[in-house]
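Shown here: final_17.txt, compact mmCIF, C-alpha atoms and all ligand atoms.
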# COMPACT_ATOMS: atom_id res chain seq x y z
CA MET A 1 -7.94 -64.30 25.06
CA ILE A 2 -9.40 -64.34 21.55
CA ASP A 3 -9.09 -60.57 21.39
CA LYS A 4 -5.46 -60.86 22.36
CA ILE A 5 -4.80 -63.32 19.58
CA LYS A 6 -6.54 -61.02 17.12
CA GLU A 7 -4.30 -58.21 18.26
CA TYR A 8 -1.27 -60.41 17.54
CA ILE A 9 -2.62 -61.13 14.06
CA GLY A 10 -2.66 -57.40 13.44
CA VAL A 11 0.91 -57.10 14.70
CA ALA A 12 2.11 -59.95 12.50
CA GLN A 13 0.37 -58.56 9.44
CA SER A 14 1.76 -55.07 9.79
CA PHE A 15 5.30 -56.22 10.53
CA SER A 16 7.91 -55.21 8.01
CA THR A 17 11.69 -55.19 7.84
CA GLU A 18 14.57 -55.24 5.37
CA ASN A 19 16.86 -56.67 7.96
CA LYS A 20 17.53 -60.40 8.35
CA GLU A 21 18.13 -60.28 12.12
CA GLU A 22 14.87 -58.45 12.74
CA LEU A 23 13.07 -61.01 10.64
CA GLU A 24 14.62 -63.86 12.61
CA ALA A 25 13.59 -62.19 15.88
CA PHE A 26 10.05 -61.91 14.56
CA ARG A 27 10.05 -65.58 13.55
CA ILE A 28 11.26 -66.71 16.96
CA LYS A 29 8.79 -64.49 18.75
CA PHE A 30 5.80 -65.86 16.86
CA LEU A 31 6.73 -69.28 15.58
CA GLY A 32 9.61 -70.34 17.84
CA LYS A 33 9.36 -73.12 20.44
CA LYS A 34 8.72 -70.67 23.18
CA GLY A 35 6.91 -68.30 20.89
CA VAL A 36 3.51 -66.67 21.16
CA LEU A 37 1.82 -69.31 19.06
CA ASN A 38 2.93 -72.24 21.16
CA ASP A 39 1.83 -70.38 24.29
CA PHE A 40 -1.64 -70.03 22.81
CA PHE A 41 -1.73 -73.65 21.74
CA ALA A 42 -0.86 -74.61 25.31
CA GLU A 43 -3.82 -72.55 26.48
CA PHE A 44 -6.15 -74.54 24.27
CA LYS A 45 -6.97 -77.14 26.86
CA ASN A 46 -8.12 -74.46 29.28
CA VAL A 47 -10.56 -72.88 26.88
CA PRO A 48 -14.24 -73.66 27.58
CA ASN A 49 -15.65 -76.16 25.10
CA ASP A 50 -18.11 -73.75 23.49
CA GLN A 51 -15.26 -71.38 22.61
CA LYS A 52 -12.82 -74.02 21.37
CA LYS A 53 -13.99 -73.76 17.78
CA GLU A 54 -13.51 -70.02 17.49
CA PHE A 55 -10.28 -70.18 19.45
CA GLY A 56 -8.95 -72.79 17.06
CA GLN A 57 -9.82 -70.64 14.07
CA VAL A 58 -8.12 -67.47 15.30
CA ILE A 59 -5.06 -69.29 16.44
CA ASN A 60 -4.75 -70.85 13.00
CA ALA A 61 -5.21 -67.45 11.43
CA LEU A 62 -2.36 -66.13 13.56
CA LYS A 63 -0.16 -69.05 12.54
CA ASN A 64 -0.89 -68.42 8.85
CA ALA A 65 -0.35 -64.69 9.15
CA ALA A 66 3.06 -65.15 10.82
CA GLU A 67 4.19 -67.80 8.36
CA GLU A 68 3.02 -65.78 5.36
CA LYS A 69 4.83 -62.75 6.64
CA VAL A 70 8.14 -64.61 7.12
CA LYS A 71 7.85 -66.19 3.68
CA SER A 72 7.11 -62.96 1.85
CA ILE A 73 9.91 -61.04 3.57
CA VAL A 74 12.42 -63.83 2.84
CA GLU A 75 11.42 -63.74 -0.83
CA ALA A 76 11.71 -59.97 -1.00
CA LEU A 77 15.16 -60.03 0.60
CA GLU A 78 16.39 -62.79 -1.71
CA SER A 79 15.26 -61.04 -4.88
CA LYS A 80 16.99 -57.90 -3.68
CA GLU A 81 20.20 -59.83 -3.18
CA GLU A 82 19.99 -61.24 -6.68
CA THR A 83 19.59 -57.79 -8.17
CA LYS A 84 22.56 -56.60 -6.23
CA GLY A 85 24.55 -59.61 -7.37
CA ILE A 86 24.05 -58.89 -11.04
CA PHE A 87 24.09 -55.13 -11.16
CA GLY A 88 26.14 -54.29 -8.10
CA ASP A 89 25.48 -51.03 -6.35
CA LEU A 90 22.65 -49.39 -8.20
CA THR A 91 23.46 -45.96 -6.82
CA ARG A 92 26.97 -46.04 -8.27
CA ALA A 93 27.80 -43.58 -11.08
CA ALA A 94 27.43 -45.09 -14.55
CA GLU A 95 30.53 -46.28 -16.36
CA PRO A 96 31.20 -44.49 -19.65
CA VAL A 97 30.08 -46.59 -22.62
CA ILE A 98 32.83 -46.87 -25.21
CA VAL A 99 31.25 -46.70 -28.65
CA GLY A 100 33.07 -47.57 -31.83
CA SER A 101 33.05 -45.45 -34.94
CA ARG A 102 32.12 -46.27 -38.47
CA HIS A 103 35.03 -46.65 -40.87
CA PRO A 104 35.49 -43.55 -43.07
CA ILE A 105 35.09 -45.73 -46.17
CA SER A 106 31.71 -46.91 -44.90
CA ILE A 107 30.67 -43.36 -44.05
CA VAL A 108 31.45 -42.10 -47.55
CA LYS A 109 30.00 -45.19 -49.22
CA ASN A 110 26.73 -44.74 -47.31
CA GLN A 111 26.61 -41.06 -48.25
CA ILE A 112 26.99 -41.94 -51.93
CA ILE A 113 24.27 -44.60 -51.63
CA ASP A 114 21.90 -42.11 -49.95
CA ILE A 115 22.46 -39.50 -52.64
CA PHE A 116 21.67 -41.91 -55.47
CA ALA A 117 18.82 -43.55 -53.55
CA ASN A 118 17.12 -40.14 -53.53
CA ILE A 119 16.87 -40.23 -57.33
CA GLY A 120 15.64 -43.80 -57.52
CA PHE A 121 18.80 -45.91 -57.69
CA ASN A 122 18.81 -49.18 -55.77
CA VAL A 123 21.88 -50.98 -54.46
CA SER A 124 23.21 -54.18 -56.04
CA GLU A 125 26.02 -56.38 -54.82
CA GLY A 126 27.97 -59.27 -56.24
CA PRO A 127 30.88 -61.62 -55.50
CA GLU A 128 34.46 -60.41 -55.03
CA ILE A 129 35.77 -63.57 -56.65
CA GLU A 130 34.56 -63.35 -60.21
CA ASP A 131 34.76 -65.23 -63.46
CA ASP A 132 36.23 -63.90 -66.66
CA TRP A 133 32.81 -63.40 -68.28
CA HIS A 134 31.41 -60.98 -65.71
CA ASN A 135 34.62 -59.02 -65.11
CA PHE A 136 35.83 -58.81 -68.73
CA THR A 137 34.22 -60.62 -71.64
CA ALA A 138 30.63 -59.44 -71.14
CA LEU A 139 31.98 -55.91 -70.76
CA ASN A 140 33.23 -55.93 -74.33
CA LEU A 141 36.72 -57.07 -73.37
CA PRO A 142 37.16 -60.35 -75.24
CA GLU A 143 40.18 -62.53 -74.64
CA TYR A 144 43.40 -60.96 -75.94
CA HIS A 145 41.81 -57.51 -76.00
CA PRO A 146 44.67 -55.09 -75.26
CA ALA A 147 42.50 -53.06 -72.87
CA ARG A 148 42.61 -55.94 -70.38
CA ASP A 149 46.03 -54.61 -69.43
CA MET A 150 44.39 -51.41 -68.17
CA GLN A 151 43.51 -53.30 -65.01
CA ASP A 152 46.21 -55.52 -63.59
CA THR A 153 44.38 -58.56 -62.42
CA PHE A 154 44.89 -60.96 -59.55
CA PHE A 155 44.05 -64.45 -60.73
CA ILE A 156 43.10 -67.18 -58.30
CA GLN A 157 45.74 -69.90 -58.49
CA THR A 158 46.47 -70.85 -62.09
CA ASN A 159 42.93 -70.80 -63.36
CA PRO A 160 42.64 -67.75 -65.66
CA ASP A 161 38.86 -67.95 -65.46
CA VAL A 162 38.73 -67.18 -61.74
CA LEU A 163 39.92 -63.81 -60.53
CA LEU A 164 39.44 -61.05 -57.98
CA ARG A 165 37.14 -58.50 -59.58
CA THR A 166 39.00 -55.44 -60.82
CA HIS A 167 35.87 -53.27 -60.78
CA THR A 168 32.25 -53.55 -59.71
CA SER A 169 31.11 -53.31 -63.33
CA SER A 170 30.92 -57.09 -62.95
CA VAL A 171 27.97 -56.61 -60.60
CA GLN A 172 26.19 -54.57 -63.24
CA VAL A 173 26.59 -57.38 -65.76
CA ARG A 174 25.02 -59.75 -63.24
CA TYR A 175 22.24 -57.24 -62.59
CA MET A 176 21.46 -56.81 -66.30
CA GLU A 177 21.42 -60.59 -66.78
CA ASN A 178 18.77 -60.89 -64.08
CA HIS A 179 16.64 -57.76 -64.44
CA LYS A 180 14.70 -56.17 -67.28
CA PRO A 181 15.01 -52.43 -67.96
CA PRO A 182 14.34 -49.83 -66.72
CA ILE A 183 17.41 -50.34 -64.53
CA ARG A 184 18.71 -47.84 -62.02
CA THR A 185 21.30 -49.38 -59.76
CA ILE A 186 24.54 -48.59 -58.00
CA SER A 187 27.09 -51.21 -57.05
CA PRO A 188 29.35 -50.37 -54.15
CA GLY A 189 32.08 -52.83 -53.28
CA ARG A 190 35.68 -53.84 -52.79
CA VAL A 191 37.89 -54.33 -55.83
CA PHE A 192 41.41 -55.62 -56.37
CA ARG A 193 44.22 -54.64 -58.69
CA ASN A 194 47.77 -55.83 -58.85
CA GLU A 195 49.27 -52.39 -58.37
CA ALA A 196 52.26 -51.14 -56.42
CA ILE A 197 51.15 -49.80 -53.03
CA SER A 198 51.88 -46.11 -52.44
CA SER A 199 50.32 -43.16 -50.66
CA ARG A 200 47.97 -42.65 -53.64
CA SER A 201 47.14 -46.22 -54.71
CA HIS A 202 46.52 -49.58 -53.14
CA CYS A 203 45.91 -53.09 -54.42
CA ILE A 204 42.59 -53.20 -52.56
CA PHE A 205 40.13 -50.34 -52.75
CA HIS A 206 36.42 -49.57 -53.07
CA GLN A 207 34.29 -48.38 -55.91
CA VAL A 208 30.76 -47.26 -56.46
CA GLU A 209 29.59 -47.84 -60.00
CA GLY A 210 26.22 -46.71 -61.35
CA LEU A 211 24.11 -48.02 -64.21
CA TYR A 212 21.04 -46.54 -65.83
CA ILE A 213 19.25 -48.38 -68.66
CA ASP A 214 15.97 -47.26 -70.19
CA LYS A 215 14.52 -46.03 -73.49
CA ASP A 216 16.02 -42.86 -75.00
CA VAL A 217 18.64 -42.16 -72.35
CA SER A 218 20.97 -39.36 -73.42
CA PHE A 219 24.43 -38.13 -72.55
CA ALA A 220 22.73 -35.05 -71.08
CA ASP A 221 20.97 -37.36 -68.57
CA LEU A 222 24.37 -38.71 -67.57
CA LYS A 223 25.85 -35.27 -67.14
CA GLN A 224 22.86 -34.04 -65.12
CA THR A 225 23.01 -37.08 -62.84
CA LEU A 226 26.71 -36.52 -62.17
CA LEU A 227 26.15 -32.81 -61.59
CA TYR A 228 23.42 -33.58 -59.06
CA PHE A 229 25.81 -35.98 -57.33
CA THR A 230 28.73 -33.55 -57.11
CA LYS A 231 26.45 -30.82 -55.77
CA GLU A 232 25.10 -33.12 -53.05
CA MET A 233 28.41 -34.75 -52.18
CA PHE A 234 30.87 -31.89 -52.39
CA GLY A 235 28.74 -28.78 -52.68
CA LYS A 236 30.47 -28.07 -56.00
CA SER A 237 28.38 -27.16 -58.99
CA LYS A 238 30.77 -27.26 -61.93
CA ILE A 239 31.86 -30.45 -63.65
CA ARG A 240 33.47 -31.27 -66.95
CA LEU A 241 33.55 -34.51 -68.92
CA ARG A 242 36.86 -35.15 -70.65
CA PRO A 243 36.84 -37.61 -73.59
CA SER A 244 38.39 -40.92 -72.63
CA TYR A 245 38.23 -44.61 -73.42
CA PHE A 246 36.62 -47.56 -71.69
CA PRO A 247 35.82 -50.77 -73.60
CA PHE A 248 32.33 -50.97 -72.08
CA THR A 249 31.18 -47.43 -72.85
CA GLU A 250 31.03 -45.38 -76.05
CA PRO A 251 31.49 -42.46 -75.90
CA SER A 252 33.48 -42.45 -72.66
CA ALA A 253 34.67 -39.66 -70.42
CA GLU A 254 36.61 -38.88 -67.27
CA ILE A 255 34.62 -36.94 -64.68
CA ASP A 256 36.34 -33.80 -63.37
CA ILE A 257 34.88 -31.51 -60.77
CA TYR A 258 35.89 -27.91 -60.34
CA TRP A 259 37.35 -27.80 -56.84
CA GLY A 260 38.50 -24.19 -56.95
CA LEU A 261 41.81 -22.55 -56.18
CA LYS A 262 41.07 -20.69 -52.98
CA THR A 263 43.50 -22.32 -50.60
CA GLU A 264 46.94 -23.80 -50.71
CA THR A 265 45.42 -27.28 -50.32
CA ASP A 266 43.24 -26.61 -53.39
CA TYR A 267 46.41 -25.90 -55.35
CA ARG A 268 48.10 -29.01 -54.07
CA ILE A 269 45.29 -31.51 -54.69
CA THR A 270 44.37 -30.09 -58.10
CA LYS A 271 48.00 -29.65 -59.15
CA GLY A 272 47.36 -25.98 -59.71
CA THR A 273 44.52 -26.50 -62.23
CA GLY A 274 41.49 -26.24 -59.94
CA TRP A 275 40.10 -29.43 -61.56
CA LEU A 276 39.96 -32.81 -59.93
CA GLU A 277 39.23 -36.19 -61.51
CA ILE A 278 36.79 -38.35 -59.55
CA GLY A 279 35.91 -41.18 -61.93
CA GLY A 280 34.95 -42.48 -65.35
CA CYS A 281 31.67 -42.66 -67.23
CA GLY A 282 30.03 -43.13 -70.61
CA MET A 283 27.11 -44.47 -72.60
CA VAL A 284 26.89 -48.24 -72.27
CA ASP A 285 28.32 -49.94 -75.37
CA PRO A 286 25.60 -51.77 -77.36
CA ASN A 287 27.76 -54.91 -77.26
CA VAL A 288 27.51 -54.98 -73.46
CA LEU A 289 23.71 -54.79 -73.63
CA LYS A 290 23.66 -57.60 -76.21
CA ASN A 291 25.85 -59.75 -73.98
CA CYS A 292 23.31 -59.32 -71.21
CA ASP A 293 20.28 -60.10 -73.38
CA ILE A 294 19.07 -56.53 -73.57
CA ASN A 295 18.06 -55.31 -77.03
CA PRO A 296 20.30 -52.30 -77.87
CA ASP A 297 17.82 -51.14 -80.52
CA GLU A 298 15.20 -50.72 -77.85
CA TYR A 299 17.23 -49.68 -74.82
CA ASN A 300 20.34 -47.67 -74.06
CA GLY A 301 21.87 -46.13 -70.98
CA PHE A 302 24.84 -44.77 -69.13
CA ALA A 303 27.33 -46.03 -66.57
CA PHE A 304 29.80 -44.37 -64.25
CA GLY A 305 32.31 -45.43 -61.66
CA MET A 306 34.28 -43.78 -58.90
CA GLY A 307 36.74 -44.64 -56.16
CA VAL A 308 35.47 -44.34 -52.59
CA GLU A 309 38.94 -43.91 -51.05
CA ARG A 310 39.67 -41.02 -53.37
CA ILE A 311 36.51 -39.23 -52.34
CA ALA A 312 37.11 -39.94 -48.64
CA MET A 313 40.67 -38.59 -48.95
CA LEU A 314 39.31 -35.43 -50.51
CA LEU A 315 36.57 -34.88 -47.97
CA TYR A 316 38.64 -35.63 -44.89
CA GLN A 317 41.98 -34.34 -46.15
CA ILE A 318 43.69 -37.70 -45.72
CA GLY A 319 47.11 -37.71 -47.32
CA ASP A 320 47.83 -41.43 -47.45
CA ILE A 321 45.48 -44.15 -48.71
CA ARG A 322 47.23 -46.77 -46.55
CA MET A 323 45.74 -45.24 -43.41
CA PHE A 324 42.35 -46.73 -44.34
CA TYR A 325 43.63 -50.28 -43.96
CA GLU A 326 45.90 -50.04 -40.93
CA ASN A 327 42.99 -49.99 -38.46
CA ASP A 328 44.82 -47.64 -36.15
CA VAL A 329 42.21 -46.72 -33.54
CA ARG A 330 43.66 -43.21 -33.17
CA PHE A 331 42.88 -42.64 -36.85
CA LEU A 332 39.47 -44.33 -36.86
CA GLU A 333 38.26 -42.60 -33.69
CA GLN A 334 38.35 -39.26 -35.46
CA PHE A 335 35.29 -40.25 -37.48
CA LYS A 336 32.98 -40.76 -34.52
CA ALA A 337 31.12 -37.53 -35.16
CA ASN A 338 30.48 -38.36 -38.81
CA ILE A 339 28.09 -41.26 -38.36
N1 LIG B 401 34.89 -49.67 -64.46
C1 LIG B 401 35.71 -48.50 -64.66
C2 LIG B 401 36.96 -48.63 -63.77
O1 LIG B 401 36.99 -49.42 -62.90
C3 LIG B 401 35.03 -47.24 -64.30
C4 LIG B 401 33.88 -46.96 -65.20
C5 LIG B 401 32.63 -47.41 -64.93
C6 LIG B 401 34.07 -46.22 -66.38
C7 LIG B 401 31.59 -47.16 -65.76
C8 LIG B 401 33.04 -45.98 -67.22
C9 LIG B 401 31.80 -46.44 -66.91
O2 LIG B 401 37.92 -47.95 -64.00
Write the structure described by the file as structure tokens, please.
Amino acid sequence: MIDKIKEYIGVAQSFSTENKEELEAFRIKFLGKKGVLNDFFAEFKNVPNDQKKEFGQVINALKNAAEEKVKSIVEALESKEETKGIFGDLTRAAEPVIVGSRHPISIVKNQIIDIFANIGFNVSEGPEIEDDWHNFTALNLPEYHPARDMQDTFFIQTNPDVLLRTHTSSVQVRYMENHKPPIRTISPGRVFRNEAISSRSHCIFHQVEGLYIDKDVSFADLKQTLLYFTKEMFGKSKIRLRPSYFPFTEPSAEIDIYWGLKTETDYRITKGTGWLEIGGCGMVDPNVLKNCDINPDEYNGFAFGMGVERIAMLLYQIGDIRMFYENDVRFLEQFKANI
């Protein structure tokens, strides 16, 4: 009899199924009212006294083995059901993952940042809502200075001291106020000007401005830095600096790059000259340094600024600046490969 029970223990232990009905059949067979276990219990009274102890032990072992088995299979089946509930059919083909694309303005902005980061420039940022000091006065544009008209300004409500920054030069003022030279920083960001919206200009656009302050900085350093940038960004290795005027730099210049005249598009975008203007630059005016508590007798430097939209339009042959702000997915999706 004891051997028989031991045999059943083996059967119970090696039982396995993934099927609920089979499990139920197993449970009834072993643990049910008319099951094997109860039959053995009923036999108990017939067992000779000297065997009762061992008989009791094996019969308990059988009971435990059967109960353990049922419990572990129930748990396994339940956890499988949960998995199925959350993930569905795991053998099903994967659904395509729809990924977004970075905005072309961000792509170009990041490229510019990378190029300048390689020669030691860090990135500085500042508020879009500015005060008069950081956007104008500190930049050598005192009140009533006629050059203020160069940048049509959006003022916030009727307070002439609070405005939307017209350039990110304001960030450079903040940076100079808070850092000692040597300074090598670029300030990318959104700027605002009260201009008529057309295919070439918008009242909201983006700039990257650069600032370099140290001892004995020369105009040649500025030109070399810009040349390095145009080579990296456009693969063009000829630039020219055309004399210009900005209140915060002296001397000042417009930056032109030689685009070439190979194709019809080259003719169109350079108006037949081969040259293309990409921004402004100059040696920082000593007054600006003074306003930021930097001694102009000890330090000097250069600054430059360029429009991100303009560069993106050039690189991607985009004919209308307004496309950047319409958020038309058909337009934006075309930049997926450029991340
Ligand atoms: N801040 C000027 C602009 O917005 C650009 C510029 C920056 C020019 C630095 C010279 C030096 O037009």
Original post:
Counting all atoms listed in the file, what is within 12 Å of stretch 284-299 of chain A, bar same-chain residues fewer than 5 positions away, as a PyMOL selection string?
Top reply: chain A and resi 133-142+169-183+210-219+222+245-253+304
Keeping C-alpha atoms for every residue in the selection just given, could you write it to a file as a CSV table (one decimal), keeping the file's coordinate frame?
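Result saved to out13.csv:
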chain,number,residue,atom,x,y,z
A,133,TRP,CA,32.8,-63.4,-68.3
A,134,HIS,CA,31.4,-61.0,-65.7
A,135,ASN,CA,34.6,-59.0,-65.1
A,136,PHE,CA,35.8,-58.8,-68.7
A,137,THR,CA,34.2,-60.6,-71.6
A,138,ALA,CA,30.6,-59.4,-71.1
A,139,LEU,CA,32.0,-55.9,-70.8
A,140,ASN,CA,33.2,-55.9,-74.3
A,141,LEU,CA,36.7,-57.1,-73.4
A,142,PRO,CA,37.2,-60.4,-75.2
A,169,SER,CA,31.1,-53.3,-63.3
A,170,SER,CA,30.9,-57.1,-63.0
A,171,VAL,CA,28.0,-56.6,-60.6
A,172,GLN,CA,26.2,-54.6,-63.2
A,173,VAL,CA,26.6,-57.4,-65.8
A,174,ARG,CA,25.0,-59.8,-63.2
A,175,TYR,CA,22.2,-57.2,-62.6
A,176,MET,CA,21.5,-56.8,-66.3
A,177,GLU,CA,21.4,-60.6,-66.8
A,178,ASN,CA,18.8,-60.9,-64.1
A,179,HIS,CA,16.6,-57.8,-64.4
A,180,LYS,CA,14.7,-56.2,-67.3
A,181,PRO,CA,15.0,-52.4,-68.0
A,182,PRO,CA,14.3,-49.8,-66.7
A,183,ILE,CA,17.4,-50.3,-64.5
A,210,GLY,CA,26.2,-46.7,-61.4
A,211,LEU,CA,24.1,-48.0,-64.2
A,212,TYR,CA,21.0,-46.5,-65.8
A,213,ILE,CA,19.2,-48.4,-68.7
A,214,ASP,CA,16.0,-47.3,-70.2
A,215,LYS,CA,14.5,-46.0,-73.5
A,216,ASP,CA,16.0,-42.9,-75.0
A,217,VAL,CA,18.6,-42.2,-72.4
A,218,SER,CA,21.0,-39.4,-73.4
A,219,PHE,CA,24.4,-38.1,-72.6
A,222,LEU,CA,24.4,-38.7,-67.6
A,245,TYR,CA,38.2,-44.6,-73.4
A,246,PHE,CA,36.6,-47.6,-71.7
A,247,PRO,CA,35.8,-50.8,-73.6
A,248,PHE,CA,32.3,-51.0,-72.1
A,249,THR,CA,31.2,-47.4,-72.8
A,250,GLU,CA,31.0,-45.4,-76.0
A,251,PRO,CA,31.5,-42.5,-75.9
A,252,SER,CA,33.5,-42.4,-72.7
A,253,ALA,CA,34.7,-39.7,-70.4
A,304,PHE,CA,29.8,-44.4,-64.2
Would you write out, as a tab-separated table, a table of all residues in chain A that have an atom no more than 6 Å from an atom of ligand LIG 401 (chain B), listing for each the closest atom pair and the distance in Å to one decimal, considering all atoms listed in the file and ordering rows by chain and rising residue number?
residue	atom	partner	partner_atom	distance
A:His167	CA	B:LIG401	O1	4.5
A:Ser169	CA	B:LIG401	N1	5.4
A:Glu209	CA	B:LIG401	C5	5.8
A:Phe246	CA	B:LIG401	C8	5.9
A:Gly280	CA	B:LIG401	C6	4.0
A:Cys281	CA	B:LIG401	C8	3.6
A:Gly282	CA	B:LIG401	C9	5.3
A:Ala303	CA	B:LIG401	C7	4.5
A:Phe304	CA	B:LIG401	C7	3.6
A:Gly305	CA	B:LIG401	C5	3.8
Expected file: the selected residues, C-alpha atoms, as an mmCIF file, keeping the file's coordinate frame:
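Now in again39.cif:
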data_model
loop_
_atom_site.group_PDB
_atom_site.id
_atom_site.type_symbol
_atom_site.label_atom_id
_atom_site.label_comp_id
_atom_site.auth_asym_id
_atom_site.auth_seq_id
_atom_site.Cartn_x
_atom_site.Cartn_y
_atom_site.Cartn_z
ATOM 1 C CA HIS A 167 35.870 -53.270 -60.780
ATOM 2 C CA SER A 169 31.110 -53.310 -63.330
ATOM 3 C CA GLU A 209 29.590 -47.840 -60.000
ATOM 4 C CA PHE A 246 36.620 -47.560 -71.690
ATOM 5 C CA GLY A 280 34.950 -42.480 -65.350
ATOM 6 C CA CYS A 281 31.670 -42.660 -67.230
ATOM 7 C CA GLY A 282 30.030 -43.130 -70.610
ATOM 8 C CA ALA A 303 27.330 -46.030 -66.570
ATOM 9 C CA PHE A 304 29.800 -44.370 -64.250
ATOM 10 C CA GLY A 305 32.310 -45.430 -61.660
#
Original post:
Counting only C-alpha atoms, which of A:Val36, A:Met306, A:Leu62, A:Val74 gets nearest to A:Asn19?
Top reply: A:Val74
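The closest residue to A:Ile119, picked from A:Ala42, A:Glu21, A:Glu78, A:Phe229 and counting only C-alpha atoms, is A:Phe229.
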Original post:
Of the candidates A:Gly126, A:Val58, A:Glu24, A:Ile113, which shows the shortest atom-to-atom distance to A:Phe44, using all atoms listed in the file?
Top reply: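 Of the candidates, the smallest distance to A:Phe44 is held by A:Val58.
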